[in-house]
file upload01.cif (mmCIF, C-alpha atoms)
data_upload
loop_
_atom_site.label_atom_id
_atom_site.label_comp_id
_atom_site.auth_asym_id
_atom_site.auth_seq_id
_atom_site.Cartn_x
_atom_site.Cartn_y
_atom_site.Cartn_z
CA MET G 513 41.86 27.42 143.58
CA SER G 514 44.53 28.57 141.15
CA ARG G 515 44.73 30.21 137.77
CA TYR G 516 47.56 30.53 135.33
CA ILE G 517 48.72 33.82 133.97
CA GLN G 518 47.13 34.76 130.66
CA GLY G 519 49.38 33.82 127.76
CA ALA G 520 51.79 31.83 129.91
CA PHE G 521 52.72 28.21 129.22
CA ARG G 522 51.16 25.39 131.18
CA PRO G 523 53.55 22.93 132.84
CA ASP G 524 52.76 20.28 130.23
CA GLN G 525 53.74 22.55 127.37
CA GLU G 526 57.29 22.81 126.04
CA HIS G 527 58.54 26.29 125.21
CA GLU G 528 60.49 26.75 122.00
CA LEU G 529 63.36 28.49 123.80
CA TYR G 530 64.15 25.44 125.93
CA GLN G 531 66.65 22.81 124.94
CA LYS G 532 66.24 20.72 128.10
CA GLU G 533 63.07 19.27 129.56
CA LYS G 534 63.91 18.28 133.14
CA LYS G 535 61.84 20.51 135.44
CA ALA G 536 61.22 19.94 139.12
CA GLY G 537 61.56 23.29 140.84
CA LYS G 538 59.08 25.90 142.02
CA ILE G 539 59.44 29.47 143.20
CA LEU G 540 56.97 30.70 145.81
CA LEU G 541 56.28 34.44 146.20
CA LEU G 542 54.26 35.45 149.26
CA ARG G 543 54.03 38.06 151.98
CA ASN G 544 54.56 37.50 155.68
CA HIS G 545 54.15 40.30 158.19
CA GLY G 546 53.90 42.71 155.23
CA ILE G 547 57.26 41.64 153.79
CA LEU G 548 57.56 39.89 150.41
CA TYR G 549 59.53 36.63 150.49
CA ALA G 550 60.68 34.28 147.76
CA PHE G 551 61.47 30.59 148.22
CA VAL G 552 63.04 28.16 145.77
CA ILE G 553 61.75 24.62 146.30
CA ARG G 554 63.26 21.57 144.61
CA ASP G 555 62.84 17.89 145.39
CA ASN G 556 60.36 18.88 148.10
CA ARG G 557 63.03 20.90 149.95
CA ILE G 558 63.70 24.62 150.30
CA TYR G 559 66.89 25.50 148.43
CA LYS G 560 66.93 29.26 148.81
CA ALA G 561 65.09 31.98 150.69
CA ALA G 562 65.18 35.71 149.96
CA ARG G 563 63.24 38.80 151.00
CA GLU G 564 62.76 42.39 149.99
CA GLU G 565 65.17 44.78 151.66
CA LYS G 566 65.00 48.54 151.97
CA GLU G 567 68.59 49.45 151.20
CA THR G 568 69.69 53.01 150.39
CA PHE G 569 72.07 51.56 147.82
CA PRO G 570 71.02 48.04 146.82
CA ILE G 571 73.59 45.63 145.46
CA GLY G 572 73.93 46.24 141.72
CA GLU G 573 73.18 49.97 141.74
CA ILE G 574 75.53 52.13 139.65
CA VAL G 575 76.10 55.65 140.95
CA ILE G 576 78.49 58.52 140.30
CA GLY G 577 80.62 58.64 143.44
CA LYS G 578 83.19 61.19 144.58
CA VAL G 579 86.64 60.15 145.82
CA ALA G 580 86.82 61.07 149.52
CA SER G 581 90.33 59.77 150.14
CA VAL G 582 93.03 57.66 148.53
CA ALA G 583 94.14 55.14 151.17
CA LYS G 584 97.39 53.62 149.94
CA GLN G 585 97.81 51.79 153.26
CA PHE G 586 94.58 49.93 152.52
CA GLN G 587 95.38 49.61 148.80
CA GLY G 588 92.15 51.28 147.85
CA VAL G 589 90.02 54.38 147.47
CA PHE G 590 87.15 55.56 149.66
CA PHE G 591 84.13 57.07 147.90
CA SER G 592 81.25 59.23 149.06
CA LEU G 593 78.01 58.15 147.42
CA LYS G 594 75.90 60.86 149.03
CA PRO G 595 76.64 64.48 149.95
CA HIS G 596 78.08 65.07 153.41
CA GLY G 597 75.44 65.99 155.94
CA ASP G 598 73.08 63.39 154.46
CA LYS G 599 74.64 60.59 156.49
CA GLY G 600 77.14 60.36 153.64
CA GLN G 601 77.19 56.77 152.50
CA SER G 602 80.74 55.57 151.83
CA GLY G 603 82.17 52.81 149.69
CA PHE G 604 85.56 51.22 149.10
CA LEU G 605 87.17 50.47 145.73
CA GLN G 606 90.31 48.35 145.51
CA MET G 607 93.34 50.13 144.05
CA LYS G 608 93.87 47.44 141.41
CA GLU G 609 90.59 48.50 139.79
CA CYS G 610 91.70 52.12 139.44
CA GLU G 611 94.07 51.48 136.57
CA GLY G 612 92.81 53.15 133.40
CA LEU G 613 89.89 54.94 135.07
CA LYS G 614 88.93 58.32 133.63
CA PRO G 615 87.35 60.86 136.00
CA LEU G 616 84.19 62.50 134.71
CA ASN G 617 85.05 65.94 136.08
CA ARG G 618 88.60 66.46 134.82
CA LYS G 619 91.07 65.37 132.17
CA ALA G 620 92.46 61.91 132.86
CA ASP G 621 96.17 61.77 133.71
CA GLY G 622 96.49 58.24 135.06
CA ARG G 623 95.95 59.28 138.68
CA ILE G 624 92.99 59.05 141.03
CA LEU G 625 92.71 62.11 143.27
CA CYS G 626 90.40 63.38 146.00
CA GLY G 627 87.36 64.99 144.42
CA ASP G 628 87.41 62.80 141.31
CA GLU G 629 83.96 61.73 140.14
CA LEU G 630 83.61 58.19 138.84
CA PRO G 631 80.78 55.75 138.13
CA VAL G 632 80.95 52.77 140.50
CA GLN G 633 78.70 49.82 141.27
CA VAL G 634 77.76 48.45 144.70
CA ILE G 635 78.73 44.79 144.98
CA LYS G 636 78.54 44.23 148.75
CA GLN G 637 76.60 45.95 151.53
CA ALA G 638 78.25 47.70 154.46
CA LYS G 639 78.63 45.64 157.61
CA GLY G 640 79.57 47.06 160.98
CA THR G 641 82.37 49.55 160.45
CA LYS G 642 83.17 48.23 156.99
CA PRO G 643 81.88 50.39 154.11
CA MET G 644 80.13 49.11 151.01
CA GLN G 645 82.37 47.37 148.50
CA LEU G 646 82.43 48.90 145.02
CA THR G 647 83.62 47.98 141.57
CA ALA G 648 84.47 50.23 138.64
CA LYS G 649 84.09 47.29 136.26
CA TYR G 650 80.33 47.38 136.48
CA PHE G 651 78.19 44.69 134.93
CA LEU G 652 74.65 43.66 134.11
CA ASN G 653 73.23 40.16 134.44
CA GLY G 654 70.96 38.32 132.07
CA GLN G 655 69.59 34.81 132.41
CA ALA G 656 72.15 33.33 130.02
CA VAL G 657 75.01 35.88 130.01
CA VAL G 658 76.70 38.56 132.08
CA VAL G 659 78.23 41.57 130.34
CA LYS G 660 80.98 43.36 132.25
CA LYS G 661 83.25 46.32 131.58
CA GLY G 662 86.56 44.81 130.53
CA SER G 663 88.75 44.06 127.55
CA GLY G 664 86.55 42.03 125.21
CA ARG G 665 87.15 38.61 126.76
CA VAL G 666 84.65 35.76 126.44
CA VAL G 667 84.37 33.48 129.49
CA TYR G 668 82.29 30.38 130.10
CA SER G 669 80.85 29.14 133.39
CA THR G 670 82.98 26.52 135.08
CA LYS G 671 79.78 24.52 135.62
CA CYS G 672 79.32 24.07 131.85
CA SER G 673 80.69 20.81 130.49
CA ARG G 674 83.58 20.78 128.03
CA GLU G 675 81.16 19.96 125.21
CA GLU G 676 78.81 22.79 126.22
CA LYS G 677 81.68 25.29 126.32
CA ALA G 678 82.92 24.19 122.91
CA GLY G 679 79.42 24.47 121.43
CA LEU G 680 78.86 27.93 122.91
CA GLU G 681 82.27 29.17 121.79
CA GLU G 682 81.74 28.03 118.21
CA ALA G 683 78.21 29.46 118.04
CA PHE G 684 79.30 32.78 119.56
CA LEU G 685 82.26 33.31 117.25
CA ILE G 686 80.23 32.48 114.13
CA TRP G 687 77.47 34.88 115.23
CA ARG G 688 79.77 37.74 116.29
CA ASP G 689 82.05 37.49 113.24
CA GLY G 690 78.98 37.39 111.00
CA LEU G 691 77.67 40.62 112.51
CA ILE G 692 81.06 42.32 112.09
CA ALA G 693 81.29 41.11 108.47
CA GLU G 694 77.92 42.72 107.73
CA ASP G 695 78.76 45.95 109.56
CA ALA G 696 82.39 46.83 110.45
CA GLU G 697 81.19 49.26 113.14
CA LYS G 698 79.90 46.30 115.11
CA LYS G 699 83.53 45.48 116.02
CA SER G 700 83.72 48.52 118.29
CA PHE G 701 80.34 47.56 119.75
CA PHE G 702 81.88 44.46 121.36
CA GLU G 703 85.16 46.10 122.39
CA GLY G 704 85.53 47.05 126.04
CA TRP G 705 83.00 44.50 127.29
CA ASP G 706 83.66 41.04 128.70
CA ILE G 707 80.95 38.46 127.98
CA ILE G 708 80.43 35.70 130.52
CA PHE G 709 78.23 32.77 129.56
CA ARG G 710 76.30 31.57 132.60
CA THR G 711 75.32 28.02 133.51
CA ASN G 712 71.90 28.69 131.95
CA ALA G 713 73.35 29.42 128.51
CA PRO G 714 73.37 25.84 127.15
CA ALA G 715 69.74 25.43 128.28
CA VAL G 716 68.36 28.04 125.86
CA LYS G 717 68.38 28.57 122.13
CA ALA G 718 71.19 30.67 120.68
CA GLU G 719 68.85 33.54 119.79
CA VAL G 720 68.13 34.04 123.50
CA TRP G 721 71.72 34.72 124.57
CA GLN G 722 72.38 36.62 121.34
CA LYS G 723 69.56 39.02 122.13
CA GLU G 724 70.72 39.33 125.74
CA ILE G 725 74.25 40.24 124.67
CA ILE G 726 72.99 42.97 122.32
CA ASP G 727 70.53 44.31 124.90
CA LEU G 728 72.99 44.32 127.81
CA ILE G 729 75.84 45.95 125.87
CA SER G 730 73.40 48.58 124.56
CA GLN G 731 72.18 49.25 128.10
CA LEU G 732 75.74 49.54 129.44
CA ASN G 733 76.66 51.92 126.63
CA LYS G 734 73.67 54.07 127.61
CA ILE G 735 74.86 54.02 131.23
CA ASP G 736 78.29 55.20 130.09
CA SER G 737 76.73 57.99 128.04
CA LEU G 738 74.42 58.97 130.88
CA GLY G 739 77.41 59.28 133.20
CA GLN G 740 78.87 61.99 130.95
CA THR G 741 75.85 64.24 131.48
CA ARG G 742 74.73 63.55 135.05
CA THR G 743 75.99 65.26 138.20
CA VAL G 744 77.87 63.64 141.06
CA TYR G 745 75.83 61.29 143.31
CA SER G 746 73.37 60.61 140.47
CA SER G 747 72.11 57.06 140.10
CA LEU G 748 72.82 55.64 136.64
CA TYR G 749 71.21 52.23 137.14
CA LYS G 750 69.02 50.57 139.75
CA PRO G 751 68.73 46.77 139.98
CA GLU G 752 65.49 44.91 139.44
CA ASP G 753 63.21 43.70 142.22
CA PHE G 754 64.87 40.97 144.26
CA TYR G 755 62.44 38.27 143.17
CA LEU G 756 63.12 38.96 139.49
CA GLU G 757 66.84 38.59 140.14
CA LEU G 758 66.17 35.35 142.00
CA ILE G 759 64.15 33.99 139.09
CA ARG G 760 66.79 35.13 136.61
CA ASP G 761 69.55 33.30 138.49
CA GLN G 762 67.81 29.93 138.71
CA PRO G 763 68.71 27.08 136.34
CA LEU G 764 66.05 27.43 133.65
CA SER G 765 65.79 23.72 133.05
CA LEU G 766 64.72 23.11 136.66
CA LEU G 767 61.87 25.61 136.95
CA GLU G 768 58.46 24.02 136.66
CA GLU G 769 56.39 27.03 137.72
CA ILE G 770 56.17 30.18 139.83
CA VAL G 771 53.37 30.31 142.41
CA THR G 772 52.16 33.43 144.21
CA ASP G 773 49.11 34.44 146.20
CA GLU G 774 49.82 38.15 145.60
CA LYS G 775 47.69 39.57 142.77
CA ASP G 776 49.95 42.58 142.28
CA ILE G 777 53.01 40.36 141.84
CA PHE G 778 51.03 38.03 139.58
CA GLU G 779 50.13 40.92 137.30
CA ARG G 780 53.56 42.56 137.47
CA ILE G 781 55.42 39.54 136.17
CA SER G 782 52.90 38.64 133.50
CA HIS G 783 54.96 39.88 130.56
CA HIS G 784 58.45 40.09 132.01
CA PRO G 785 61.16 38.65 129.73
CA TYR G 786 62.58 36.38 132.45
CA ILE G 787 59.22 34.71 132.94
CA ARG G 788 57.81 34.55 129.44
CA HIS G 789 58.69 30.85 129.23
CA ILE G 790 57.82 29.84 132.82
CA PRO G 791 54.22 29.12 133.93
CA VAL G 792 53.02 31.52 136.63
CA ARG G 793 50.12 30.48 138.88
CA LEU G 794 47.99 32.69 141.10
CA TYR G 795 46.98 30.77 144.20
CA GLU G 796 43.48 31.83 145.38
CA ASP G 797 42.29 29.20 147.85
CA ALA G 798 40.83 31.08 150.84
CA LYS G 799 40.56 27.94 152.99
CA ILE G 800 44.26 27.16 153.24
CA SER G 801 47.13 29.59 152.72
CA LEU G 802 49.99 29.08 150.31
CA ARG G 803 52.27 29.21 153.30
CA SER G 804 50.44 26.24 154.85
CA VAL G 805 50.24 24.24 151.63
CA TYR G 806 54.03 24.12 151.51
CA ALA G 807 54.45 23.85 155.32
CA LEU G 808 56.87 26.76 155.27
CA ASP G 809 56.90 27.34 159.04
CA THR G 810 57.86 23.75 159.76
CA ARG G 811 60.49 23.63 157.02
CA LEU G 812 62.05 26.94 157.98
CA LYS G 813 62.09 26.03 161.65
CA GLU G 814 64.06 22.90 160.75
CA LEU G 815 66.53 24.97 158.72
CA LEU G 816 67.20 27.24 161.68
CA SER G 817 67.72 24.38 164.12
CA PRO G 818 71.26 23.30 165.08
CA ARG G 819 70.25 19.65 164.74
CA VAL G 820 69.56 18.10 161.34
CA SER G 821 68.17 14.59 161.05
CA MET G 822 69.16 12.38 158.12
CA LYS G 823 67.24 9.53 156.52
CA SER G 824 69.58 6.86 157.90
CA GLY G 825 68.86 7.92 161.47
CA ALA G 826 72.19 9.73 161.81
CA TYR G 827 72.20 13.48 162.40
CA LEU G 828 74.28 16.65 162.08
CA VAL G 829 74.88 19.39 164.64
CA ILE G 830 75.63 22.75 163.01
CA GLU G 831 77.10 25.51 165.18
CA PRO G 832 78.03 28.84 163.54
CA THR G 833 80.51 30.93 165.57
CA GLU G 834 82.32 34.22 164.97
CA ALA G 835 85.45 32.44 163.75
CA LEU G 836 84.05 29.45 161.86
CA VAL G 837 81.16 27.06 161.33
CA ALA G 838 81.47 23.73 163.14
CA VAL G 839 79.58 20.70 161.84
CA ASP G 840 79.52 17.40 163.74
CA VAL G 841 78.36 14.15 162.11
CA ASN G 842 76.77 11.69 164.55
CA SER G 843 75.62 8.13 163.91
CA GLY G 844 72.82 8.54 166.44
CA LYS G 845 70.57 5.55 166.95
CA ALA G 846 70.84 4.40 163.36
CA GLU G 847 70.60 0.62 163.12
CA LYS G 848 73.90 -0.90 162.05
CA LYS G 849 72.86 -3.53 159.56
CA THR G 850 76.34 -3.80 158.08
CA GLU G 851 79.88 -3.97 159.43
CA PRO G 852 80.73 -0.84 161.47
CA GLU G 853 83.33 0.42 158.96
CA GLU G 854 80.92 0.11 156.02
CA PHE G 855 78.15 1.69 158.08
CA TYR G 856 80.36 4.66 159.01
CA PHE G 857 81.40 5.08 155.38
CA GLN G 858 77.83 5.10 154.08
CA THR G 859 76.74 7.49 156.85
CA ASN G 860 79.59 9.87 155.99
CA LEU G 861 78.67 9.80 152.29
CA GLU G 862 75.07 10.67 153.20
CA ALA G 863 76.39 13.44 155.44
CA VAL G 864 78.46 14.96 152.60
CA LYS G 865 75.34 15.76 150.58
CA GLU G 866 73.41 16.94 153.62
CA VAL G 867 76.24 19.18 154.85
CA CYS G 868 76.63 20.84 151.43
CA TYR G 869 72.86 21.35 151.17
CA GLN G 870 72.67 22.88 154.64
CA LEU G 871 75.61 25.23 153.99
CA SER G 872 73.93 26.43 150.82
CA VAL G 873 70.36 26.87 152.07
CA ARG G 874 71.49 28.46 155.35
CA ASN G 875 73.98 30.58 153.39
CA LEU G 876 76.80 29.86 155.82
CA SER G 877 80.22 31.11 154.79
CA GLY G 878 83.85 31.49 155.77
CA MET G 879 85.79 28.59 157.26
CA ILE G 880 83.75 25.44 157.85
CA LEU G 881 85.08 22.44 159.78
CA VAL G 882 83.23 19.13 159.50
CA ASP G 883 83.91 16.32 161.95
CA PHE G 884 82.93 13.16 160.09
CA ILE G 885 82.72 9.77 161.78
CA ASN G 886 86.22 8.29 162.06
CA MET G 887 87.05 5.57 159.52
CA LYS G 888 90.00 3.19 159.49
CA ASP G 889 89.96 2.32 155.77
CA LYS G 890 92.17 4.77 153.85
CA GLN G 891 90.30 4.03 150.62
CA HIS G 892 87.05 5.07 152.28
CA THR G 893 88.70 8.33 153.36
CA GLU G 894 89.90 8.99 149.81
CA MET G 895 86.40 8.32 148.45
CA LEU G 896 84.96 10.67 151.06
CA ILE G 897 87.35 13.42 149.92
CA GLU G 898 86.36 12.91 146.29
CA ALA G 899 82.68 13.10 147.24
CA LEU G 900 83.34 16.37 149.10
CA LYS G 901 85.14 17.89 146.11
CA LYS G 902 82.34 16.87 143.76
CA GLU G 903 79.51 18.08 146.00
CA THR G 904 81.07 21.44 146.96
CA ALA G 905 81.65 22.19 143.27
CA LYS G 906 77.87 22.12 142.70
CA ASP G 907 77.28 25.16 144.92
CA SER G 908 76.31 28.34 143.05
CA VAL G 909 78.48 30.26 145.55
CA PRO G 910 82.25 29.57 145.29
CA THR G 911 82.81 26.68 147.71
CA ARG G 912 85.94 24.55 148.03
CA PHE G 913 87.08 21.53 149.96
CA VAL G 914 90.56 22.45 151.24
CA ASP G 915 91.94 19.42 153.04
CA LEU G 916 91.69 17.14 156.02
CA THR G 917 93.39 18.59 159.09
CA LYS G 918 95.80 16.54 161.23
CA LEU G 919 92.87 15.86 163.54
CA GLY G 920 90.83 14.47 160.64
CA LEU G 921 88.48 17.44 160.28
CA ALA G 922 87.31 18.33 156.77
CA GLU G 923 88.10 21.98 156.04
CA ILE G 924 85.78 23.77 153.60
CA THR G 925 85.69 27.41 152.58
CA ARG G 926 82.61 29.16 151.21
CA LYS G 927 82.59 32.72 149.91
CA LYS G 928 80.40 35.21 151.76
CA THR G 929 78.07 36.91 149.30
CA SER G 930 75.21 37.89 151.59
CA ARG G 931 73.90 37.35 155.11
CA GLY G 932 72.61 34.04 156.38
CA LEU G 933 69.14 32.53 156.54
CA GLY G 934 68.62 33.68 160.12
CA TYR G 935 68.98 37.29 159.01
CA THR G 936 66.65 36.77 156.04
CA LEU G 937 63.96 35.42 158.39
CA ARG G 938 64.50 37.98 161.16
CA ASP G 939 61.00 39.45 160.70
CA TRP G 940 59.17 36.21 159.85
CA ASN G 941 55.89 36.05 161.75
CA TRP G 942 55.72 32.46 162.99
CA LYS G 943 52.48 30.64 163.60
CA ARG G 944 51.37 30.31 167.20
CA GLY G 945 53.33 27.63 169.00
CA GLN G 946 56.35 27.95 166.71
CA HIS G 947 59.19 30.19 167.75
CA GLU G 948 62.11 31.50 165.80
CA ILE G 949 65.44 29.85 166.52
CA THR G 950 68.47 32.10 166.29
CA GLY G 951 70.40 31.45 163.07
CA ASP G 952 73.44 32.90 161.39
CA SER G 953 73.21 36.64 160.87
#
call {"tool": "encode", "arguments": {"input": "upload01.cif", "output": "structure tokens"}}
result
Amino acid sequence: MSRYIQGAFRPDQEHELYQKEKKAGKILLLRNHGILYAFVIRDNRIYKAAREEKETFPIGEIVIGKVASVAKQFQGVFFSLKPHGDKGQSGFLQMKECEGLKPLNRKADGRILCGDELPVQVIKQAKGTKPMQLTAKYFLNGQAVVVKKGSGRVVYSTKCSREEKAGLEEAFLIWRDGLIAEDAEKKSFFEGWDIIFRTNAPAVKAEVWQKEIIDLISQLNKIDSLGQTRTVYSSLYKPEDFYLELIRDQPLSLLEEIVTDEKDIFERISHHPYIRHIPVRLYEDAKISLRSVYALDTRLKELLSPRVSMKSGAYLVIEPTEALVAVDVNSGKAEKKTEPEEFYFQTNLEAVKEVCYQLSVRNLSGMILVDFINMKDKQHTEMLIEALKKETAKDSVPTRFVDLTKLGLAEITRKKTSRGLGYTLRDWNWKRGQHEITGDS
């Protein structure tokens, strides 16, 4: 049994804010072992998994920190984000971001000194002995745009087509210049903020990103003003719940619905701006759990396994290590209905898509080496390289095919933005008979 949120749109209804109609994705929100999880499912596969975390300083929080030391040898500045004696949380800001910063507790003179108080934003959690990474160019995300402290630049997502970028640029300039023409003070409103159009921007009507830009700049201006009156270690901004950020960051044109069996979550998101145009369904069937309907245990177990089967009968072996991630492509017992060279080529092409999917869903990062099946035809190798370049470019996390090594291994790099799937599922309570397999942490 299910029911849709009151006032929400059914899947067969088109919302006026959409410009595209293709929808095939779902987001599941459910609890396991008392922890709330979110899963993005597309094409009957899990594409992303996330969970609630109890961090002292979550990624995205803006806080007034105090400079603990200026470390020229590390080309950066160490900050205290909590008073000493309270397990003082520390963060690191790169020196190149210090240019032009104005301390809140003294007159600016172009220097950053110990004891200076400055608003900074957490962009990466501490790991091991490494402190949190900070930025002074703090930002806020919307579904269609990101607004960031800067110099007034306008940037467009690299995933937008040339036509989409041109259309957005023209629409933005006409809108912004029209506002300034009506009210000259609006010019200063846009100064000091960079506007970044996200991949979602072409998928919504212009009034959506226009409203987001106004709202986000207004919110950032309030944060700036708040910083002038608050004391050191005060929090100026806390990020939204993780599942709202996950929903916000999904391609709008691919979301068919959000499904949850948690009544409190169902009610909480009923009127949220991110979800006003996405159907939300409360799952209430007592006979079979939402977790079982989508076979989450089986799917997640497969995603934590080193071995990955492909449709052709070939398979991958994925082995994360401290230094790199090794991926081996094996033909297995696949039936060779064509000439060996053509068979190896087709298997490698299938493996390209599967490797990129697995890297993304497992959230593996750093240096990745892929050992594809050896091919003799140079043209096949060139086509394989082009396929790798095209597929890695689709990743929402910066991912790049570097080159083929002298030994014929494909070298890929993927930026580390958060911990891997194994860490996300570290507390997952598996059904009896299914055991967790150690994944990347």
call {"tool": "residues_around", "arguments": {"input": "upload01.cif", "residues": "stretch 726-738 of chain G", "least_positions_apart": "2", "cutoff": "10 Å", "atoms": "all atoms listed in the file", "output": "VMD selection string"}}
result
chain G and resid 574 to 575 631 650 to 654 657 to 661 701 to 707 721 to 724 740 to 743 746 to 749
call {"tool": "closest_residue", "arguments": {"input": "upload01.cif", "among": "G:Asp915, G:Glu681, G:Glu757, G:Glu854", "to": "G:Lys888", "atoms": "all atoms listed in the file"}}
result
G:Glu854
call {"tool": "residues_around", "arguments": {"input": "upload01.cif", "residues": "stretch 601-607 of chain G", "least_positions_apart": "4", "cutoff": "9 Å", "atoms": "all atoms listed in the file", "output": "PDB file with C-alpha atoms, in the frame of the given file"}}
result
ATOM      1  CA  THR G 568      69.690  53.010 150.390  1.00  0.00           C
ATOM      2  CA  PHE G 569      72.070  51.560 147.820  1.00  0.00           C
ATOM      3  CA  GLY G 577      80.620  58.640 143.440  1.00  0.00           C
ATOM      4  CA  ALA G 580      86.820  61.070 149.520  1.00  0.00           C
ATOM      5  CA  VAL G 582      93.030  57.660 148.530  1.00  0.00           C
ATOM      6  CA  ALA G 583      94.140  55.140 151.170  1.00  0.00           C
ATOM      7  CA  LYS G 584      97.390  53.620 149.940  1.00  0.00           C
ATOM      8  CA  PHE G 586      94.580  49.930 152.520  1.00  0.00           C
ATOM      9  CA  GLN G 587      95.380  49.610 148.800  1.00  0.00           C
ATOM     10  CA  GLY G 588      92.150  51.280 147.850  1.00  0.00           C
ATOM     11  CA  VAL G 589      90.020  54.380 147.470  1.00  0.00           C
ATOM     12  CA  PHE G 590      87.150  55.560 149.660  1.00  0.00           C
ATOM     13  CA  PHE G 591      84.130  57.070 147.900  1.00  0.00           C
ATOM     14  CA  SER G 592      81.250  59.230 149.060  1.00  0.00           C
ATOM     15  CA  LEU G 593      78.010  58.150 147.420  1.00  0.00           C
ATOM     16  CA  LYS G 594      75.900  60.860 149.030  1.00  0.00           C
ATOM     17  CA  PRO G 595      76.640  64.480 149.950  1.00  0.00           C
ATOM     18  CA  HIS G 596      78.080  65.070 153.410  1.00  0.00           C
ATOM     19  CA  GLU G 611      94.070  51.480 136.570  1.00  0.00           C
ATOM     20  CA  VAL G 632      80.950  52.770 140.500  1.00  0.00           C
ATOM     21  CA  VAL G 634      77.760  48.450 144.700  1.00  0.00           C
ATOM     22  CA  ALA G 638      78.250  47.700 154.460  1.00  0.00           C
ATOM     23  CA  LYS G 642      83.170  48.230 156.990  1.00  0.00           C
ATOM     24  CA  PRO G 643      81.880  50.390 154.110  1.00  0.00           C
ATOM     25  CA  MET G 644      80.130  49.110 151.010  1.00  0.00           C
ATOM     26  CA  GLN G 645      82.370  47.370 148.500  1.00  0.00           C
ATOM     27  CA  LEU G 646      82.430  48.900 145.020  1.00  0.00           C
ATOM     28  CA  THR G 647      83.620  47.980 141.570  1.00  0.00           C
ATOM     29  CA  ALA G 648      84.470  50.230 138.640  1.00  0.00           C
TER      30      ALA G 648
END
call {"tool": "residues_around", "arguments": {"input": "upload01.cif", "residues": "G:Arg874", "least_positions_apart": "6", "cutoff": "12 Å", "atoms": "only C-alpha atoms", "output": "PDB file with C-alpha atoms, keeping the file's coordinate frame"}}
result
ATOM      1  CA  ILE G 558      63.700  24.620 150.300  1.00  0.00           C
ATOM      2  CA  TYR G 559      66.890  25.500 148.430  1.00  0.00           C
ATOM      3  CA  LYS G 560      66.930  29.260 148.810  1.00  0.00           C
ATOM      4  CA  ALA G 561      65.090  31.980 150.690  1.00  0.00           C
ATOM      5  CA  ALA G 562      65.180  35.710 149.960  1.00  0.00           C
ATOM      6  CA  LEU G 812      62.050  26.940 157.980  1.00  0.00           C
ATOM      7  CA  LYS G 813      62.090  26.030 161.650  1.00  0.00           C
ATOM      8  CA  GLU G 814      64.060  22.900 160.750  1.00  0.00           C
ATOM      9  CA  LEU G 815      66.530  24.970 158.720  1.00  0.00           C
ATOM     10  CA  LEU G 816      67.200  27.240 161.680  1.00  0.00           C
ATOM     11  CA  SER G 817      67.720  24.380 164.120  1.00  0.00           C
ATOM     12  CA  PRO G 818      71.260  23.300 165.080  1.00  0.00           C
ATOM     13  CA  ILE G 830      75.630  22.750 163.010  1.00  0.00           C
ATOM     14  CA  GLU G 831      77.100  25.510 165.180  1.00  0.00           C
ATOM     15  CA  PRO G 832      78.030  28.840 163.540  1.00  0.00           C
ATOM     16  CA  VAL G 837      81.160  27.060 161.330  1.00  0.00           C
ATOM     17  CA  GLU G 866      73.410  16.940 153.620  1.00  0.00           C
ATOM     18  CA  VAL G 867      76.240  19.180 154.850  1.00  0.00           C
ATOM     19  CA  CYS G 868      76.630  20.840 151.430  1.00  0.00           C
ATOM     20  CA  ARG G 926      82.610  29.160 151.210  1.00  0.00           C
ATOM     21  CA  LYS G 928      80.400  35.210 151.760  1.00  0.00           C
ATOM     22  CA  SER G 930      75.210  37.890 151.590  1.00  0.00           C
ATOM     23  CA  ARG G 931      73.900  37.350 155.110  1.00  0.00           C
ATOM     24  CA  GLY G 932      72.610  34.040 156.380  1.00  0.00           C
ATOM     25  CA  LEU G 933      69.140  32.530 156.540  1.00  0.00           C
ATOM     26  CA  GLY G 934      68.620  33.680 160.120  1.00  0.00           C
ATOM     27  CA  TYR G 935      68.980  37.290 159.010  1.00  0.00           C
ATOM     28  CA  THR G 936      66.650  36.770 156.040  1.00  0.00           C
ATOM     29  CA  LEU G 937      63.960  35.420 158.390  1.00  0.00           C
ATOM     30  CA  THR G 950      68.470  32.100 166.290  1.00  0.00           C
ATOM     31  CA  GLY G 951      70.400  31.450 163.070  1.00  0.00           C
ATOM     32  CA  ASP G 952      73.440  32.900 161.390  1.00  0.00           C
ATOM     33  CA  SER G 953      73.210  36.640 160.870  1.00  0.00           C
TER      34      SER G 953
END
call {"tool": "closest_residue", "arguments": {"input": "upload01.cif", "among": "G:Thr641, G:His789, G:Ile897, G:Glu774", "to": "G:Gly546", "atoms": "all atoms listed in the file"}}
result
G:Glu774
call {"tool": "atom_distance", "arguments": {"input": "upload01.cif", "atom1": "atom CA of G:Leu542", "atom2": "atom CA of G:Asp773"}}
result
6.1 Å
call {"tool": "axis_aligned_box", "arguments": {"input": "upload01.cif", "around": "stretch 606-610 of chain G", "padding_each_side": "6 Å", "output": "AutoDock Vina command-line options"}}
result
--center_x 92.1 --center_y 49.8 --center_z 142.5 --size_x 15.6 --size_y 16.7 --size_z 18.1
call {"tool": "resolve_selection", "arguments": {"input": "upload01.cif", "expression": "the PyMOL selection byres ((chain G and resi 925) around 6)", "output": "MDAnalysis selection string"}}
result
chainID G and resid 878:880 911:912 924 926
call {"tool": "atom_distance", "arguments": {"input": "upload01.cif", "atom1": "atom CA of G:Ile777", "atom2": "atom CA of G:Val716"}}
result
25.4 Å
call {"tool": "resolve_selection", "arguments": {"input": "upload01.cif", "expression": "the PyMOL selection byres ((chain G and resi 679) around 12)", "output": "number ranges by chain"}}
result
G: 668, 672-678, 680-686, 709, 713-715, 717-718
